[in-house]
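Enquirer: I am sharing run.csv, which consists of CSV, C-alpha atoms and all ligand atoms:
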```
chain,number,residue,atom,x,y,z
I,255,MET,CA,143.8,30.8,42.6
I,256,ASN,CA,144.2,31.7,38.9
I,257,PRO,CA,141.2,32.3,36.7
I,258,PRO,CA,140.1,29.0,35.0
I,259,ILE,CA,141.6,28.0,31.7
I,260,THR,CA,139.4,26.2,29.1
I,261,VAL,CA,140.4,22.9,27.7
I,262,SER,CA,138.5,21.4,24.8
I,263,ILE,CA,138.9,17.7,24.2
I,264,THR,CA,137.5,15.7,21.2
I,265,GLY,CA,136.8,12.0,21.5
I,266,ALA,CA,136.2,12.6,25.2
I,267,ALA,CA,134.3,9.4,25.7
I,268,GLY,CA,137.0,7.2,24.1
I,269,GLN,CA,139.7,5.2,25.8
I,270,ILE,CA,142.2,7.9,25.9
I,271,GLY,CA,139.6,10.4,26.9
I,272,TYR,CA,138.7,8.2,29.9
I,273,ALA,CA,142.3,8.1,31.0
I,274,LEU,CA,142.9,11.8,30.3
I,275,LEU,CA,140.0,13.8,31.7
I,276,PHE,CA,140.6,12.8,35.3
I,277,ARG,CA,144.2,13.7,35.2
I,278,ILE,CA,143.5,17.1,33.8
I,279,ALA,CA,140.7,17.7,36.4
I,280,SER,CA,143.0,16.6,39.2
I,281,GLY,CA,145.7,19.2,38.3
I,282,ALA,CA,148.3,16.9,36.8
I,283,MET,CA,148.4,18.9,33.5
I,284,PHE,CA,148.3,22.5,34.7
I,285,GLY,CA,149.3,22.3,38.3
I,286,PRO,CA,147.6,22.6,41.7
I,287,ASP,CA,146.7,26.3,41.4
I,288,GLN,CA,145.0,26.2,38.0
I,289,PRO,CA,141.2,25.6,37.8
I,290,VAL,CA,140.0,24.2,34.5
I,291,ASN,CA,136.8,24.3,32.4
I,292,LEU,CA,136.4,21.1,30.3
I,293,ARG,CA,134.5,21.3,27.0
I,294,LEU,CA,134.0,17.7,26.0
I,295,ILE,CA,133.3,17.1,22.3
I,296,GLU,CA,131.9,13.8,21.0
I,297,ILE,CA,130.0,12.7,18.0
I,298,GLU,CA,126.3,11.8,18.7
I,299,PRO,CA,126.9,8.0,19.2
I,300,GLY,CA,129.4,8.8,21.9
I,301,MET,CA,127.2,11.2,23.9
I,302,LYS,CA,125.6,8.6,26.2
I,303,ALA,CA,128.9,7.2,27.2
I,304,LEU,CA,130.1,10.8,27.7
I,305,GLN,CA,127.3,11.5,30.2
I,306,GLY,CA,128.6,8.5,32.2
I,307,VAL,CA,132.1,9.9,32.2
I,308,ILE,CA,130.8,13.2,33.4
I,309,MET,CA,128.9,11.5,36.2
I,310,GLU,CA,132.2,10.0,37.3
I,311,LEU,CA,134.0,13.4,37.0
I,312,ASP,CA,131.2,14.8,39.3
I,313,ASP,CA,131.7,11.9,41.7
I,314,CYS,CA,135.4,12.8,42.1
I,315,ALA,CA,134.5,16.3,43.5
I,316,PHE,CA,137.7,17.7,42.0
I,317,PRO,CA,138.5,21.0,43.7
I,318,LEU,CA,140.1,22.3,40.4
I,319,LEU,CA,137.3,21.3,38.1
I,320,ASN,CA,135.3,24.5,37.5
I,321,ASP,CA,132.8,23.7,34.7
I,322,ILE,CA,132.0,20.9,32.2
I,323,VAL,CA,130.2,21.3,28.9
I,324,ALA,CA,129.4,18.2,26.8
I,325,THR,CA,128.5,18.8,23.1
I,326,SER,CA,128.7,17.5,19.6
I,327,ASP,CA,128.6,21.1,18.3
I,328,LEU,CA,132.1,22.2,17.3
I,329,ASP,CA,131.4,26.0,17.8
I,330,GLU,CA,130.2,25.4,21.3
I,331,GLY,CA,132.9,22.8,21.9
I,332,PHE,CA,135.8,25.1,21.1
I,333,LYS,CA,134.4,28.3,22.6
I,334,GLY,CA,137.1,30.1,24.5
I,335,ALA,CA,139.5,27.2,24.3
I,336,ASN,CA,143.0,27.9,25.5
I,337,TRP,CA,144.0,24.4,24.7
I,338,ALA,CA,142.3,22.1,22.1
I,339,LEU,CA,143.3,18.4,22.5
I,340,LEU,CA,142.1,16.7,19.4
I,341,VAL,CA,142.0,13.0,20.4
I,342,GLY,CA,138.9,11.8,18.5
I,343,SER,CA,139.4,10.3,15.1
I,344,VAL,CA,138.3,7.3,13.0
I,345,PRO,CA,140.5,4.3,13.5
I,346,ARG,CA,141.8,2.3,10.6
I,347,LYS,CA,139.6,-0.7,9.9
I,348,ALA,CA,140.4,-3.9,8.1
I,349,GLY,CA,140.5,-3.3,4.3
I,350,MET,CA,140.9,0.4,4.7
I,351,GLU,CA,143.8,1.9,2.8
I,352,ARG,CA,146.0,4.6,4.5
I,353,ALA,CA,144.7,7.0,1.9
I,354,ASP,CA,141.1,6.3,2.9
I,355,LEU,CA,142.1,6.9,6.5
I,356,LEU,CA,143.7,10.2,5.7
I,357,ASN,CA,140.7,11.3,3.8
I,358,ILE,CA,138.0,10.4,6.3
I,359,ASN,CA,140.0,12.0,9.1
I,360,GLY,CA,140.8,14.9,6.8
I,361,GLN,CA,137.2,15.9,6.7
I,362,ILE,CA,137.1,15.8,10.5
I,363,PHE,CA,140.2,18.0,11.0
I,364,THR,CA,139.1,20.5,8.3
I,365,GLY,CA,136.0,21.3,10.3
I,366,GLN,CA,137.8,21.3,13.6
I,367,GLY,CA,140.4,23.7,12.3
I,368,LYS,CA,137.8,26.1,11.1
I,369,ALA,CA,135.8,25.9,14.4
I,370,ILE,CA,139.0,26.5,16.4
I,371,ALA,CA,139.8,29.6,14.3
I,372,ALA,CA,136.2,30.9,14.8
I,373,ASN,CA,135.7,30.2,18.5
I,374,ALA,CA,138.9,29.5,20.5
I,375,ALA,CA,140.7,32.0,22.7
I,376,ASP,CA,143.4,34.2,21.1
I,377,ASP,CA,146.1,32.2,22.8
I,378,VAL,CA,144.8,28.8,21.8
I,379,ARG,CA,147.2,25.9,21.4
I,380,VAL,CA,146.2,22.7,19.6
I,381,LEU,CA,147.6,19.3,20.3
I,382,VAL,CA,146.6,16.5,17.9
I,383,VAL,CA,146.6,13.0,19.2
I,384,GLY,CA,144.1,11.3,16.9
I,385,ASN,CA,145.9,9.4,14.1
I,386,PRO,CA,147.4,9.9,11.6
I,387,CYS,CA,148.2,12.8,14.0
I,388,ASN,CA,150.9,14.7,12.1
I,389,THR,CA,148.8,15.0,9.0
I,390,ASN,CA,145.6,15.6,10.9
I,391,ALA,CA,147.5,18.5,12.6
I,392,LEU,CA,148.6,19.7,9.1
I,393,ILE,CA,145.0,19.8,7.9
I,394,ALA,CA,143.7,21.5,11.1
I,395,MET,CA,146.5,24.1,10.9
I,396,ASN,CA,145.8,24.9,7.2
I,397,ASN,CA,142.1,25.3,7.9
I,398,ALA,CA,142.5,27.5,11.0
I,399,GLU,CA,142.8,30.9,9.4
I,400,GLY,CA,144.3,33.5,11.7
I,401,VAL,CA,145.7,31.0,14.2
I,402,PRO,CA,149.6,31.1,13.9
I,403,ASN,CA,151.2,27.9,12.8
I,404,ASP,CA,153.4,27.7,15.9
I,405,ARG,CA,150.3,26.9,17.9
I,406,PHE,CA,149.8,23.4,16.3
I,407,PHE,CA,151.4,20.3,17.7
I,408,ALA,CA,151.1,16.5,17.1
I,409,MET,CA,152.0,14.0,19.8
I,410,THR,CA,155.2,12.0,19.7
I,411,ARG,CA,155.8,12.1,23.5
I,412,LEU,CA,154.5,8.6,24.1
I,413,ASP,CA,157.1,7.4,21.7
I,414,GLU,CA,159.8,9.4,23.5
I,415,ASN,CA,158.7,8.0,26.8
I,416,ARG,CA,158.8,4.5,25.4
I,417,ALA,CA,162.3,5.1,24.0
I,418,LYS,CA,163.6,6.4,27.3
I,419,SER,CA,162.1,3.4,29.1
I,420,GLN,CA,163.7,0.9,26.7
I,421,LEU,CA,167.1,2.6,27.0
I,422,ALA,CA,166.9,2.8,30.8
I,423,ALA,CA,166.0,-0.9,31.1
I,424,LYS,CA,168.9,-1.9,28.8
I,425,ALA,CA,171.4,0.2,30.7
I,426,GLY,CA,170.0,-0.8,34.2
I,427,VAL,CA,169.3,2.9,35.1
I,428,HIS,CA,166.2,4.8,35.9
I,429,ASN,CA,164.1,6.6,33.2
I,430,ARG,CA,165.0,9.9,34.8
I,431,ASP,CA,168.7,9.3,34.0
I,432,VAL,CA,167.9,9.3,30.2
I,433,SER,CA,167.8,12.8,28.6
I,434,ASN,CA,168.0,14.3,25.1
I,435,MET,CA,165.8,11.7,23.6
I,436,CYS,CA,164.2,12.9,20.3
I,437,ILE,CA,161.7,11.2,18.1
I,438,TRP,CA,162.1,12.5,14.6
I,439,GLY,CA,159.5,12.6,11.8
I,440,ASN,CA,156.1,10.9,11.8
I,441,HIS,CA,154.2,9.3,14.6
I,442,SER,CA,154.1,6.0,12.7
I,443,ALA,CA,156.2,2.9,12.2
I,444,THR,CA,158.8,5.1,10.3
I,445,GLN,CA,159.5,7.3,13.3
I,446,TYR,CA,163.2,7.5,14.3
I,447,PRO,CA,164.0,7.3,18.0
I,448,ASP,CA,167.4,9.0,18.0
I,449,PHE,CA,169.7,7.1,20.3
I,450,THR,CA,172.8,8.8,18.8
I,451,ASN,CA,172.1,12.1,20.5
I,452,ALA,CA,170.4,10.8,23.7
I,453,LYS,CA,172.3,10.7,27.0
I,454,ILE,CA,172.4,8.5,30.1
I,455,ASN,CA,173.5,10.4,33.1
I,456,GLY,CA,175.0,13.0,30.8
I,457,GLN,CA,177.0,10.5,28.8
I,458,PRO,CA,176.3,9.5,25.2
I,459,VAL,CA,174.1,6.5,25.1
I,460,SER,CA,176.5,4.6,22.8
I,461,GLU,CA,179.2,4.9,25.5
I,462,VAL,CA,176.9,3.3,28.1
I,463,ILE,CA,175.1,0.8,25.9
I,464,THR,CA,177.9,-0.6,23.7
I,465,ASP,CA,175.7,-3.1,21.9
I,466,SER,CA,175.4,-1.1,18.7
I,467,GLY,CA,173.5,-3.9,17.0
I,468,TRP,CA,170.8,-3.6,19.6
I,469,LEU,CA,170.6,0.2,19.4
I,470,GLN,CA,170.4,0.2,15.6
I,471,GLY,CA,168.0,-2.8,15.4
I,472,GLU,CA,165.9,-4.1,18.3
I,473,PHE,CA,165.7,-0.8,20.2
I,474,ILE,CA,164.3,1.1,17.2
I,475,SER,CA,161.9,-1.6,16.1
I,476,THR,CA,160.7,-2.1,19.7
I,477,VAL,CA,159.8,1.6,20.0
I,478,GLN,CA,158.3,1.7,16.5
I,479,GLN,CA,156.2,-1.4,17.1
I,480,ARG,CA,155.3,-0.8,20.7
I,481,GLY,CA,151.7,0.3,19.9
I,482,ALA,CA,151.1,-3.0,18.0
I,483,ALA,CA,152.7,-5.0,20.9
I,484,ILE,CA,150.3,-3.4,23.4
I,485,ILE,CA,147.3,-4.2,21.2
I,486,ALA,CA,148.5,-7.8,21.0
I,487,ALA,CA,148.8,-8.1,24.7
I,488,ARG,CA,145.9,-6.0,25.9
I,489,GLY,CA,143.4,-6.5,23.1
I,490,ALA,CA,143.1,-2.7,22.9
I,491,SER,CA,145.4,0.1,22.0
I,492,SER,CA,147.5,2.2,24.4
I,493,ALA,CA,145.3,4.5,26.4
I,494,ALA,CA,146.6,5.3,29.8
I,495,SER,CA,150.2,5.7,28.5
I,496,ALA,CA,148.8,7.8,25.6
I,497,ALA,CA,146.9,10.0,28.0
I,498,ASN,CA,150.1,10.3,30.1
I,499,GLY,CA,151.9,11.4,26.9
I,500,VAL,CA,149.3,14.2,26.5
I,501,VAL,CA,149.8,15.4,30.1
I,502,ASP,CA,153.6,15.3,29.6
I,503,THR,CA,153.4,17.2,26.3
I,504,VAL,CA,151.3,20.0,27.6
I,505,ARG,CA,153.4,20.3,30.8
I,506,SER,CA,156.6,20.4,28.7
I,507,LEU,CA,155.1,23.1,26.4
I,508,THR,CA,154.0,25.2,29.4
I,509,THR,CA,157.1,24.9,31.6
I,510,PRO,CA,160.8,25.7,30.9
I,511,THR,CA,162.9,22.8,29.6
I,512,ALA,CA,165.8,21.7,31.8
I,513,ALA,CA,169.1,23.3,30.7
I,514,GLY,CA,170.7,21.3,27.8
I,515,ASP,CA,167.8,18.9,27.5
I,516,TRP,CA,165.0,18.8,24.9
I,517,THR,CA,161.7,17.1,24.3
I,518,SER,CA,159.9,15.7,21.2
I,519,VAL,CA,156.7,17.0,19.7
I,520,ALA,CA,155.7,17.4,16.1
I,521,VAL,CA,155.6,21.1,15.1
I,522,CYS,CA,155.3,23.0,11.8
I,523,SER,CA,158.8,22.8,10.3
I,524,ASP,CA,160.7,26.0,9.4
I,525,GLY,CA,163.0,24.0,7.1
I,526,SER,CA,165.4,23.0,9.9
I,527,TYR,CA,167.3,19.8,9.5
I,528,GLY,CA,166.3,19.6,5.8
I,529,ILE,CA,162.6,18.9,6.8
I,530,ASP,CA,160.3,20.7,4.3
I,531,ALA,CA,158.9,23.9,5.8
I,532,GLY,CA,155.2,23.5,6.5
I,533,LEU,CA,155.3,19.8,7.3
I,534,ILE,CA,154.3,18.8,10.8
I,535,ALA,CA,157.3,16.8,11.9
I,536,SER,CA,158.6,15.7,15.2
I,537,MET,CA,161.9,17.4,16.2
I,538,PRO,CA,163.8,18.3,19.3
I,539,ILE,CA,162.0,21.3,21.0
I,540,ARG,CA,162.9,23.4,24.0
I,541,VAL,CA,160.8,25.9,25.9
I,542,ASP,CA,162.2,29.1,27.6
I,543,ALA,CA,161.2,30.8,30.8
I,544,GLU,CA,158.6,32.9,28.9
I,545,GLY,CA,156.9,29.8,27.6
I,546,ARG,CA,158.2,30.2,24.0
I,547,TRP,CA,159.3,27.1,22.2
I,548,ASP,CA,161.8,26.7,19.5
I,549,ILE,CA,163.5,23.9,17.5
I,550,VAL,CA,166.8,23.1,19.1
I,551,PRO,CA,169.5,24.0,16.6
I,552,GLY,CA,172.7,22.1,15.8
I,553,VAL,CA,171.7,18.6,16.7
I,554,GLU,CA,174.1,16.4,14.7
I,555,LEU,CA,172.6,13.7,12.5
I,556,ASP,CA,175.1,11.1,11.4
I,557,GLU,CA,174.6,9.1,8.2
I,558,PHE,CA,172.5,6.4,9.9
I,559,SER,CA,170.3,9.0,11.5
I,560,ARG,CA,170.0,11.1,8.4
I,561,ALA,CA,168.6,8.1,6.4
I,562,LYS,CA,166.1,7.3,9.1
I,563,VAL,CA,164.9,10.9,9.4
I,564,ASP,CA,164.7,11.2,5.6
I,565,ALA,CA,162.5,8.0,5.3
I,566,SER,CA,160.1,9.3,7.9
I,567,VAL,CA,159.9,12.8,6.3
I,568,GLN,CA,159.3,11.2,2.9
I,569,GLU,CA,156.2,9.4,4.5
I,570,LEU,CA,155.0,12.8,5.7
I,571,ARG,CA,155.4,14.3,2.2
I,572,ASP,CA,153.4,11.3,0.8
I,573,GLU,CA,150.7,11.9,3.4
I,574,ARG,CA,150.5,15.6,2.6
I,575,GLU,CA,150.2,14.7,-1.1
I,576,ALA,CA,147.2,12.4,-0.3
I,577,VAL,CA,145.3,15.3,1.5
I,578,VAL,CA,146.5,18.3,-0.6
I,579,SER,CA,143.0,19.1,-1.6
I,580,LEU,CA,142.1,19.7,2.0
I,581,LEU,CA,144.9,22.2,2.7
I,582,GLY,CA,143.1,25.2,1.3
M,601,LIG,P1,138.6,5.4,20.9
M,601,LIG,O1,138.0,4.8,19.6
M,601,LIG,O2,138.5,4.6,22.2
M,601,LIG,O3,138.0,6.8,21.1
M,601,LIG,C1,137.8,7.7,20.1
M,601,LIG,C2,136.6,8.6,20.4
M,601,LIG,O4,136.6,9.6,19.4
M,601,LIG,C3,135.3,7.8,20.3
M,601,LIG,O5,134.6,8.0,21.5
M,601,LIG,C4,134.6,8.5,19.1
M,601,LIG,O6,133.2,8.5,19.3
M,601,LIG,C5,135.2,9.8,19.1
M,601,LIG,N1,135.2,10.5,17.9
M,601,LIG,C6,135.3,10.0,16.6
M,601,LIG,N2,135.2,11.0,15.7
M,601,LIG,C7,135.0,12.1,16.4
M,601,LIG,C8,134.8,13.5,16.0
M,601,LIG,N3,134.7,13.8,14.7
M,601,LIG,N4,134.6,14.4,16.9
M,601,LIG,C9,134.7,14.1,18.2
M,601,LIG,N5,134.8,12.8,18.7
M,601,LIG,C10,135.0,11.9,17.7
M,601,LIG,O7,140.1,5.7,20.5
M,601,LIG,P2,141.3,6.0,21.5
M,601,LIG,O8,142.0,4.8,22.0
M,601,LIG,O9,140.8,7.0,22.6
M,601,LIG,O10,142.3,6.7,20.5
M,601,LIG,C11,142.0,8.0,20.0
M,601,LIG,C12,143.0,8.3,18.9
M,601,LIG,O11,144.3,8.5,19.4
M,601,LIG,C13,143.2,7.2,17.8
M,601,LIG,O12,143.2,7.8,16.5
M,601,LIG,C14,144.5,6.6,18.1
M,601,LIG,O13,145.1,6.0,17.0
M,601,LIG,C15,145.3,7.8,18.6
M,601,LIG,N6,146.5,7.5,19.4
M,601,LIG,C16,147.5,8.4,19.2
M,601,LIG,C17,148.7,8.2,19.9
M,601,LIG,C18,149.8,9.1,19.7
M,601,LIG,O14,150.9,8.8,20.3
M,601,LIG,N7,149.8,10.2,18.9
M,601,LIG,C19,148.8,7.1,20.9
M,601,LIG,C20,147.6,6.3,21.0
M,601,LIG,C21,146.5,6.5,20.3
```
Show me this structure written as structure tokens.
Expert:
Amino acid sequence: MNPPITVSITGAAGQIGYALLFRIASGAMFGPDQPVNLRLIEIEPGMKALQGVIMELDDCAFPLLNDIVATSDLDEGFKGANWALLVGSVPRKAGMERADLLNINGQIFTGQGKAIAANAADDVRVLVVGNPCNTNALIAMNNAEGVPNDRFFAMTRLDENRAKSQLAAKAGVHNRDVSNMCIWGNHSATQYPDFTNAKINGQPVSEVITDSGWLQGEFISTVQQRGAAIIAARGASSAASAANGVVDTVRSLTTPTAAGDWTSVAVCSDGSYGIDAGLIASMPIRVDAEGRWDIVPGVELDEFSRAKVDASVQELRDEREAVVSLLG
């Protein structure tokens, strides 16, 4: 058995937390030989519900679950964290402008970035799920002095999985037959699910799905609006599939990517693909056998794709502008 790794999770008593903790504790995220310590962070009003979640974790008697800490103190919560999963955030309420949302969450992610820098393990990696996740990650990264920028990620894997599922259904194949799916840009309604570079059983998608009107229209809007469709159907936002996206993201960042394939996660841009250096933007990423990730070079963006990527990147620039005072 390996020594335990420590995973800090904010918003642990929320919907996604409830679907996520049990999968981490069962070994789905780090494998069957990796014990885990969970450091569960909630704000005071969430602490009672969190105690209930911990009772349920206890009742599972997970062999891999080594230790649980529940706290609303950020220093205690991020102590020794090898992974920080920042799920908690304040949702947008009726009448709230996007700028208000960015600012309220900005305060949260400023404090969390500082606490991660002061308390986490040297190898800490940070995945932001709480929305607006790209810009929240940007704020945390810019406030975590001493933690390298390449340790910060924002989640677009749920969008990638949604896109693969839509393409597979249209083509009448299985999800696993779809590869090279990349979500570009922001995790928002401007995201671009790039069907032009995706493949089905190794063939370009556009050769398998010849309905280009569907690809350029309904496919993109279905993926972009899937979150809203789930709220309309379920009366609550995606939780189990979001938690699954977190598990998939961490697994993809800790295991080598299949040859020739890539995955989507928002990372700190180095200027690749004309995306401003320093923005947290979703791009095609691959991970090598040593666990290092890099941005896949040379993915071609045709005119249609370029315009879509540019629109989403412009939204990220605007979001950065709205929180510039929080970036240190
Ligand atoms: P939820 O409202 O059920 O749970 C959020 C939890 O966070 C609550 O228990 C709340 O008490 C806690 N919280 C709030 N502020 C906190 C803070 N400062 N520190 C620690 N905990 C805090 O929400 P849910 O459904 O679990 O979603 C969480 C976030 O994930 C939302 O922002 C949602 O928009 C986002 N999301 C992101 C997705 C993505 O693909 N990136 C997909 C789905 C949801």
Enquirer: Could you give me, as a PyMOL selection string, the residues within 9 Å of I:Asp431, counting all atoms listed in the file and dropping anything in the same chain fewer than 4 positions from it?
Expert: chain I and resi 418+422+427+453-456
Enquirer: Produce as a short mmCIF file (atom, residue, chain, number, x, y, z; two decimals) with C-alpha atoms, in the coordinates of the input the set of residues near ligand LIG 601 (chain M), where near means within 6 Å with all atoms listed in the file considered.
Expert:
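The resulting selection_17.cif:
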```cif
data_model
loop_
_atom_site.label_atom_id
_atom_site.label_comp_id
_atom_site.auth_asym_id
_atom_site.auth_seq_id
_atom_site.Cartn_x
_atom_site.Cartn_y
_atom_site.Cartn_z
CA THR I 264 137.50 15.70 21.20
CA GLY I 265 136.80 12.00 21.50
CA ALA I 267 134.30 9.40 25.70
CA GLY I 268 137.00 7.20 24.10
CA GLN I 269 139.70 5.20 25.80
CA ILE I 270 142.20 7.90 25.90
CA GLY I 271 139.60 10.40 26.90
CA ILE I 295 133.30 17.10 22.30
CA GLU I 296 131.90 13.80 21.00
CA ILE I 297 130.00 12.70 18.00
CA GLY I 300 129.40 8.80 21.90
CA VAL I 341 142.00 13.00 20.40
CA GLY I 342 138.90 11.80 18.50
CA SER I 343 139.40 10.30 15.10
CA VAL I 344 138.30 7.30 13.00
CA PRO I 345 140.50 4.30 13.50
CA ILE I 362 137.10 15.80 10.50
CA VAL I 383 146.60 13.00 19.20
CA GLY I 384 144.10 11.30 16.90
CA ASN I 385 145.90 9.40 14.10
CA CYS I 387 148.20 12.80 14.00
CA MET I 409 152.00 14.00 19.80
CA THR I 410 155.20 12.00 19.70
CA LEU I 412 154.50 8.60 24.10
CA SER I 491 145.40 0.10 22.00
CA SER I 492 147.50 2.20 24.40
CA ALA I 493 145.30 4.50 26.40
CA ALA I 496 148.80 7.80 25.60
#
```
Enquirer: Closest to I:Glu310 among I:His441, I:Trp337, I:Ala576, I:Ala279, using all atoms listed in the file?
Expert: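 Under the stated criterion, the closest residue is I:Ala279.
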Enquirer: Calculate how many Å separate atom CA of I:Asp502 from atom CA of I:Ser460, rounding to one decimal.
Expert: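 Rounded to one decimal, the two atoms are 26.2 Å apart.
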Enquirer: Please return, as a PyMOL selection string, all polymer residues that have at least one atom within 10 Å of the point (154.1, 29.0, 29.7); use only C-alpha atoms and the file's own coordinate frame.
Expert: chain I and resi 504-510+541-547
Enquirer: I:Ile358, I:Leu340, I:Ala565, I:Val501: which is nearest I:Gly285, counting all atoms listed in the file?
Expert: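 Under the stated criterion, the closest residue is I:Val501.
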Enquirer: Give the answer as one residue: which of I:Gln366, I:Thr450, I:Asn434, I:Asn256 has the shortest atom-to-atom distance to I:Pro538, using all atoms listed in the file?
Expert: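 For I:Pro538, the nearest of the candidates is I:Asn434.
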Enquirer: Excluding I:Arg480 and any residue of its chain fewer than 5 positions from it, enumerate the residues within 9 Å of it, using all atoms listed in the file, and give them as a ChimeraX atom specification.
Expert: /I:413,416,475,485
Enquirer: Quick one: distance from atom CA of I:Asp321 to atom CA of I:Val519 in Å, one decimal?
Expert: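 If I compute the distance from atom CA of I:Asp321 to atom CA of I:Val519, I get 29.0 Å.
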Enquirer: For I:Asp329, which residue out of I:Ala374, I:Leu311, I:Ala512, I:Leu356 is the nearest one, using all atoms listed in the file?
Expert: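 Once distances to I:Asp329 are computed over all atoms listed in the file, the minimum belongs to I:Ala374.
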Enquirer: Using the block above, I'd like stretch 485-498 of chain I written out, keeping C-alpha atoms and formatting it as a compact mmCIF listing (two decimals), in the first residue's frame.
Expert:
```txt
# COMPACT_ATOMS: atom_id res chain seq x y z
CA ILE I 485 -31.72 21.86 -14.48
CA ALA I 486 -34.97 22.02 -16.44
CA ALA I 487 -35.44 18.24 -16.22
CA ARG I 488 -34.12 17.47 -12.74
CA GLY I 489 -34.91 20.70 -10.95
CA ALA I 490 -31.29 20.79 -9.80
CA SER I 491 -27.98 21.21 -11.57
CA SER I 492 -25.74 18.37 -12.74
CA ALA I 493 -24.11 16.74 -9.76
CA ALA I 494 -23.25 13.07 -10.34
CA SER I 495 -22.00 13.77 -13.86
CA ALA I 496 -20.02 16.76 -12.57
CA ALA I 497 -18.47 14.61 -9.84
CA ASN I 498 -17.67 12.03 -12.51
```
